[in-house]
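A quick write-up on the structure given underneath.
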Amino acid sequence: MKFSVPRGTNDILPDDILFWETLESKARKICKSYGYKEIRTPIFEDINLFKRSLGATSDVVNKQLLELSSRGENNEEGYALRPEGTASIVRSYIENSLDKKEPLSKLFYIGPMFRGERPQKGRLRQFHQIGVEAIGIDGASPFLDAEILSLAMHLLEEFNVQTPKLKINSLGSKEDKENISSWLRNEFAKHKNELCEDCQNRFERNVFRVLDCKNELCRKVVNVVIGKEKALPLSENSIKYFESVQKTLKDLEIDYEISPHLVRGLDYYTHTVFEITAGGLGSQDAVGAGGRYDRLLDELGGNEKTEFGAIGFALGMERILLAAGKNKGDSQTIDAFVIETQAEYEPRSFKLLNDLRNNNISATKSFSGGSMKSLMGRANKANARFALIIGDQEFKDKTVSVKDMSSGQQEVVAMANIVSNLKDKLQRVDQS
């Protein structure tokens with residue numbers, strides 16, 4: 001019986017790993033330069049964590065959660081694979097009392113997420129994200145919002161995503177959001193029969209989600225209720241906060257546009273929300289999104305006496321690779337490919353292989369023998385920088401023929417000097 005990769009997932013093959021490693025290494029370097037530290041949480045959590053944080057009426061909870069079949073202890077509701085990273089980070093922040101260790105925890109993560117979606121280009125059931133979260137008593141600042149936005153755009157620039165477009169909006173405070181909800185319900189009530197079936201349900205459960213609908217008729221209704229230039233009704237304090245974020249972005253020379261329809265699909269957002277899009281991805285053009293979620297700490301059991309601020313974002317790694325494209329000139333290299341021309345020379349070639357690795361020189365060999373032509377072909381396929389050949393004369397003289405696979409130049413080196421010789425050659429190659 002032949003098996004296939006589960007629908008909506010991909011194997012990341014060796015030829016592609018270099019692109020992923022590059023993204024991850026750049027992300028780690030840049031996040032650390034902003035003072036963020038890496039955190040790793042389990043890929044599954046108590047299902048109620050997601051129901052509480054994302055909202056029981058959200059599409060993620062209602063349609064996309066991938067639940068694990070085994071039930072929790074004492075017949076509890078059980079577990080689900082994480083659909084996003086923020087809830088897990090906040091759970092860890094509270095459980096491990098990170099607020100007692102520092103006034104602002106600046107964290108980042110890299111890893112897989114899971115949603116039971118209908119697979120299409122740029123939308124998978126298992127996907128990978130680079131995420132950033134800033135949480136703490138020092139976290140309620142428009143300058144921190146600007147830092148988060150700056151970091152997201154900096155990452156995408158380093159990832160070679162061409163002309164990413166930043167869209168921002170404000171949902172205001174908790175009280176603002178409640179007032180906006182009532183206002184939207186009153187406005188949409190005038191057009192309720194024109195909404196799709198899903199949005200008629202959203203109208204009753206969470207009217208904000210009508211603004212996210214992609215149905216053409218619903219978009220027309222949304223444009224009537226909120227035109228392209230019309231902002232959501234906010235309090236004076238929330239307006240000032242949002243204006244401060246915008247001014248700081250302008251000072252940093254970060255281009256953005258205000259998108260009054262942008263609300264994000266999760267319950268926990270307040271104040272600044274944003275989305276970053278890129279070309280070449282079709283209808284699923286978002287490469288990243290996030291926002292402020294000060295309320296979530298209280299929702300998940302934080303200290304009610306302490307006022308926390310929190311903001312973060314996540315970037316989709318598969319979408320970044322699609323948007324940036326893959327440089328086919330890049331491929332993983334190995335320093336040396338060891339070749340012996342006779343089977344009886346293999347003990348010496350194998351020891352040489354081990355000596356090279358012990359001196360931090362990457363090396364491999366063929367373990368099935370073959371003609372010199374076929375072995376050199378394998379060295380080429382391995383993308384080796386140098387081929388180290390032990391033939392009849394080399395075995396007799398205790399030497400190695402070193403062939404530069406790029407230039408074709410070849411020289412004979414004493415076995416005792418091969419490590420130092422090869423290190424010198426590799427250093428020159430790296431410097432050129």
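FYI, nothing fancy with the structure tokens labels: chains A, B, ... in order, residues from 1 per chain, ligands from 1 as they appear.
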
Residues of segment 258-405 of chain A in strand (DSSP E), written as a compact mmCIF listing (two decimals) with N, CA and C atoms, in the first residue's frame:
```txt
# COMPACT_ATOMS: atom_id res chain seq x y z
N ILE A 258 -4.06 53.34 6.45
CA ILE A 258 -5.10 53.02 7.43
C ILE A 258 -6.22 52.26 6.71
N THR A 270 -7.37 44.56 20.84
CA THR A 270 -7.84 45.92 21.13
C THR A 270 -6.79 46.89 20.59
N HIS A 271 -7.17 48.16 20.48
CA HIS A 271 -6.24 49.20 20.00
C HIS A 271 -5.63 48.80 18.64
N THR A 272 -4.32 48.87 18.50
CA THR A 272 -3.66 48.71 17.20
C THR A 272 -3.78 47.29 16.67
N VAL A 273 -4.27 47.17 15.43
CA VAL A 273 -4.25 45.90 14.71
C VAL A 273 -3.62 46.16 13.35
N PHE A 274 -3.00 45.14 12.76
CA PHE A 274 -2.34 45.37 11.48
C PHE A 274 -2.23 44.08 10.67
N GLU A 275 -1.98 44.27 9.39
CA GLU A 275 -1.79 43.17 8.45
C GLU A 275 -0.77 43.62 7.42
N ILE A 276 0.06 42.68 6.99
CA ILE A 276 1.06 42.99 5.97
C ILE A 276 0.83 42.06 4.78
N THR A 277 0.68 42.64 3.60
CA THR A 277 0.43 41.86 2.40
C THR A 277 1.61 41.96 1.44
N ALA A 286 -1.79 37.85 2.51
CA ALA A 286 -1.21 38.29 3.78
C ALA A 286 0.02 37.44 4.11
N VAL A 287 1.13 38.11 4.44
CA VAL A 287 2.33 37.39 4.89
C VAL A 287 2.52 37.52 6.40
N GLY A 288 1.76 38.41 7.01
CA GLY A 288 1.88 38.57 8.46
C GLY A 288 0.76 39.43 8.99
N ALA A 289 0.51 39.32 10.30
CA ALA A 289 -0.55 40.09 10.93
C ALA A 289 -0.37 40.05 12.44
N GLY A 290 -1.04 40.98 13.12
CA GLY A 290 -0.96 40.98 14.58
C GLY A 290 -1.69 42.16 15.16
N GLY A 291 -1.39 42.45 16.42
CA GLY A 291 -2.02 43.56 17.07
C GLY A 291 -1.85 43.52 18.58
N ARG A 292 -2.49 44.48 19.22
CA ARG A 292 -2.42 44.61 20.68
C ARG A 292 -3.51 43.77 21.32
N GLY A 309 0.28 45.21 29.45
CA GLY A 309 0.19 45.56 28.04
C GLY A 309 0.78 44.43 27.23
N ALA A 310 0.24 44.18 26.05
CA ALA A 310 0.75 43.08 25.23
C ALA A 310 0.45 43.33 23.76
N ILE A 311 1.44 43.03 22.93
CA ILE A 311 1.27 43.19 21.48
C ILE A 311 2.19 42.20 20.79
N GLY A 312 1.78 41.73 19.62
CA GLY A 312 2.62 40.78 18.90
C GLY A 312 2.18 40.62 17.46
N PHE A 313 2.89 39.75 16.75
CA PHE A 313 2.55 39.44 15.36
C PHE A 313 3.08 38.06 15.01
N ALA A 314 2.61 37.55 13.90
CA ALA A 314 3.12 36.30 13.34
C ALA A 314 3.29 36.46 11.84
N LEU A 315 4.39 35.92 11.32
CA LEU A 315 4.66 35.90 9.88
C LEU A 315 4.59 34.46 9.39
N GLY A 316 3.93 34.25 8.27
CA GLY A 316 3.80 32.91 7.70
C GLY A 316 5.02 32.56 6.86
N ILE A 334 28.99 21.05 0.71
CA ILE A 334 29.77 20.29 1.68
C ILE A 334 31.24 20.53 1.35
N ASP A 335 32.07 20.59 2.37
CA ASP A 335 33.47 20.97 2.14
C ASP A 335 34.24 19.94 1.33
N ALA A 336 34.06 18.66 1.66
CA ALA A 336 34.91 17.63 1.03
C ALA A 336 34.13 16.36 0.74
N PHE A 337 34.43 15.76 -0.38
CA PHE A 337 33.90 14.44 -0.75
C PHE A 337 35.09 13.51 -0.92
N VAL A 338 35.15 12.47 -0.10
CA VAL A 338 36.30 11.56 -0.07
C VAL A 338 36.05 10.38 -1.01
N ILE A 339 37.06 10.09 -1.84
CA ILE A 339 36.95 9.01 -2.83
C ILE A 339 38.15 8.07 -2.69
N GLU A 340 37.86 6.77 -2.66
CA GLU A 340 38.94 5.78 -2.74
C GLU A 340 38.70 4.94 -4.00
N ALA A 363 32.15 16.75 5.61
CA ALA A 363 32.66 15.76 4.65
C ALA A 363 31.72 14.57 4.54
N THR A 364 31.73 13.93 3.37
CA THR A 364 30.97 12.71 3.15
C THR A 364 31.70 11.88 2.11
N LYS A 365 31.15 10.69 1.77
CA LYS A 365 31.74 9.82 0.77
C LYS A 365 30.67 8.89 0.24
N ALA A 384 30.10 19.39 -3.49
CA ALA A 384 31.34 19.45 -2.70
C ALA A 384 32.27 20.52 -3.23
N ARG A 385 32.95 21.19 -2.32
CA ARG A 385 33.94 22.18 -2.73
C ARG A 385 35.23 21.50 -3.20
N PHE A 386 35.61 20.42 -2.53
CA PHE A 386 36.83 19.70 -2.89
C PHE A 386 36.57 18.20 -2.89
N ALA A 387 37.22 17.51 -3.83
CA ALA A 387 37.23 16.05 -3.84
C ALA A 387 38.61 15.59 -3.33
N LEU A 388 38.61 14.68 -2.37
CA LEU A 388 39.85 14.13 -1.82
C LEU A 388 39.98 12.69 -2.29
N ILE A 389 41.01 12.42 -3.10
CA ILE A 389 41.11 11.14 -3.80
C ILE A 389 42.28 10.33 -3.26
N ILE A 390 41.99 9.10 -2.90
CA ILE A 390 43.03 8.15 -2.50
C ILE A 390 43.06 7.04 -3.55
N THR A 399 49.50 9.92 0.80
CA THR A 399 49.12 11.26 0.37
C THR A 399 47.64 11.26 -0.05
N VAL A 400 47.16 12.44 -0.40
CA VAL A 400 45.78 12.61 -0.89
C VAL A 400 45.83 13.60 -2.05
N SER A 401 45.15 13.28 -3.14
CA SER A 401 45.00 14.24 -4.23
C SER A 401 43.78 15.11 -3.93
N VAL A 402 44.01 16.42 -3.90
CA VAL A 402 42.94 17.37 -3.57
C VAL A 402 42.53 18.11 -4.83
N LYS A 403 41.29 17.92 -5.26
CA LYS A 403 40.80 18.56 -6.48
C LYS A 403 39.79 19.64 -6.13
N ASP A 404 40.04 20.85 -6.59
CA ASP A 404 39.10 21.96 -6.44
C ASP A 404 37.97 21.75 -7.45
```

For this session: For Arg91 of chain A, list every protein, DNA or RNA residue within 10 Å, evaluated using only C-alpha atoms, and leave out those in the same chain fewer than 5 positions away; present the list as a list in words.
Result: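 Close residues of Arg91 of chain A: Thr41, Glu45, Leu49, Ser53, Thr86, Asn96, Ser97, Leu296, Leu297, Leu300, Gly301 and Gly302 of chain A.
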
For this session: Would you list, as a PyMOL selection string, the residues of segment 123-266 of chain A that end up in helix (DSSP H, G or I) under DSSP run on this structure's backbone?
Result: chain A and resi 142-158+174-189+192-194+197-205+207-212+216-225+236-251

Mind writing the picked residues with C-alpha atoms as a compact mmCIF listing (two decimals), in the first residue's frame?
```txt
# COMPACT_ATOMS: atom_id res chain seq x y z
CA PRO A 142 2.38 53.38 21.40
CA PHE A 143 6.16 53.34 20.97
CA LEU A 144 6.17 49.59 21.64
CA ASP A 145 3.46 49.24 18.97
CA ALA A 146 5.76 51.10 16.57
CA GLU A 147 8.70 48.88 17.55
CA ILE A 148 6.67 45.74 16.83
CA LEU A 149 5.59 47.11 13.44
CA SER A 150 9.16 48.17 12.66
CA LEU A 151 10.47 44.70 13.57
CA ALA A 152 7.90 42.98 11.34
CA MET A 153 8.81 45.16 8.37
CA HIS A 154 12.54 44.77 9.08
CA LEU A 155 12.19 40.98 9.02
CA LEU A 156 10.29 40.98 5.72
CA GLU A 157 12.90 43.29 4.18
CA GLU A 158 15.68 40.90 5.23
CA LYS A 174 -12.30 47.44 25.66
CA GLU A 175 -15.09 50.00 26.18
CA ASP A 176 -14.61 51.36 22.64
CA LYS A 177 -14.85 47.87 21.23
CA GLU A 178 -18.14 47.25 23.04
CA ASN A 179 -19.53 50.56 21.73
CA ILE A 180 -18.33 49.80 18.21
CA SER A 181 -19.99 46.38 18.40
CA SER A 182 -23.34 48.00 19.24
CA TRP A 183 -22.87 50.59 16.51
CA LEU A 184 -22.03 47.97 13.88
CA ARG A 185 -24.99 45.82 14.90
CA ASN A 186 -27.35 48.77 14.48
CA GLU A 187 -25.86 49.62 11.07
CA PHE A 188 -25.77 46.07 9.74
CA ALA A 189 -29.33 45.43 10.96
CA LYS A 192 -29.12 41.96 7.41
CA ASN A 193 -31.04 40.20 4.64
CA GLU A 194 -28.30 41.15 2.17
CA GLU A 197 -25.67 32.97 5.76
CA ASP A 198 -22.37 32.90 7.68
CA CYS A 199 -22.51 36.66 8.26
CA GLN A 200 -26.10 36.51 9.45
CA ASN A 201 -24.84 34.13 12.15
CA ARG A 202 -21.82 36.38 12.80
CA PHE A 203 -24.21 39.31 13.17
CA GLU A 204 -25.73 37.60 16.21
CA ARG A 205 -22.54 36.16 17.74
CA VAL A 207 -20.56 41.36 14.44
CA PHE A 208 -16.89 42.32 13.92
CA ARG A 209 -16.40 39.23 11.80
CA VAL A 210 -18.77 40.56 9.16
CA LEU A 211 -15.99 43.02 8.29
CA ASP A 212 -13.68 40.09 7.51
CA GLU A 216 -18.85 39.99 -2.65
CA LEU A 217 -22.35 40.93 -1.43
CA CYS A 218 -21.11 41.27 2.14
CA ARG A 219 -18.22 43.46 0.96
CA LYS A 220 -20.73 45.80 -0.67
CA VAL A 221 -22.68 46.06 2.59
CA VAL A 222 -19.48 46.71 4.55
CA ASN A 223 -18.53 49.48 2.09
CA VAL A 224 -21.91 51.11 2.69
CA VAL A 225 -21.55 50.92 6.48
CA GLU A 236 -10.61 60.63 22.39
CA ASN A 237 -7.92 58.73 24.32
CA SER A 238 -7.92 55.91 21.77
CA ILE A 239 -7.68 58.38 18.89
CA LYS A 240 -4.67 60.06 20.54
CA TYR A 241 -3.03 56.67 21.13
CA PHE A 242 -3.48 55.68 17.48
CA GLU A 243 -2.22 59.06 16.28
CA SER A 244 0.92 58.58 18.38
CA VAL A 245 1.54 55.20 16.74
CA GLN A 246 1.16 56.79 13.30
CA LYS A 247 3.46 59.70 14.11
CA THR A 248 6.17 57.31 15.31
CA LEU A 249 5.87 55.24 12.13
CA LYS A 250 6.28 58.41 10.07
CA ASP A 251 9.33 59.38 12.13
```

Exercise. In Å, with one decimal, what is the gap from atom CA of Leu68 of chain A to atom CA of Phe44 of chain A?
Worked result: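 Separation between atom CA of Leu68 of chain A and atom CA of Phe44 of chain A: 8.6 Å.
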
Seminar exercise, completed: Of A:Tyr256, A:Tyr345, A:Phe50, A:Tyr109, the one sitting nearest Asp392 of chain A when using only C-alpha atoms is A:Tyr345
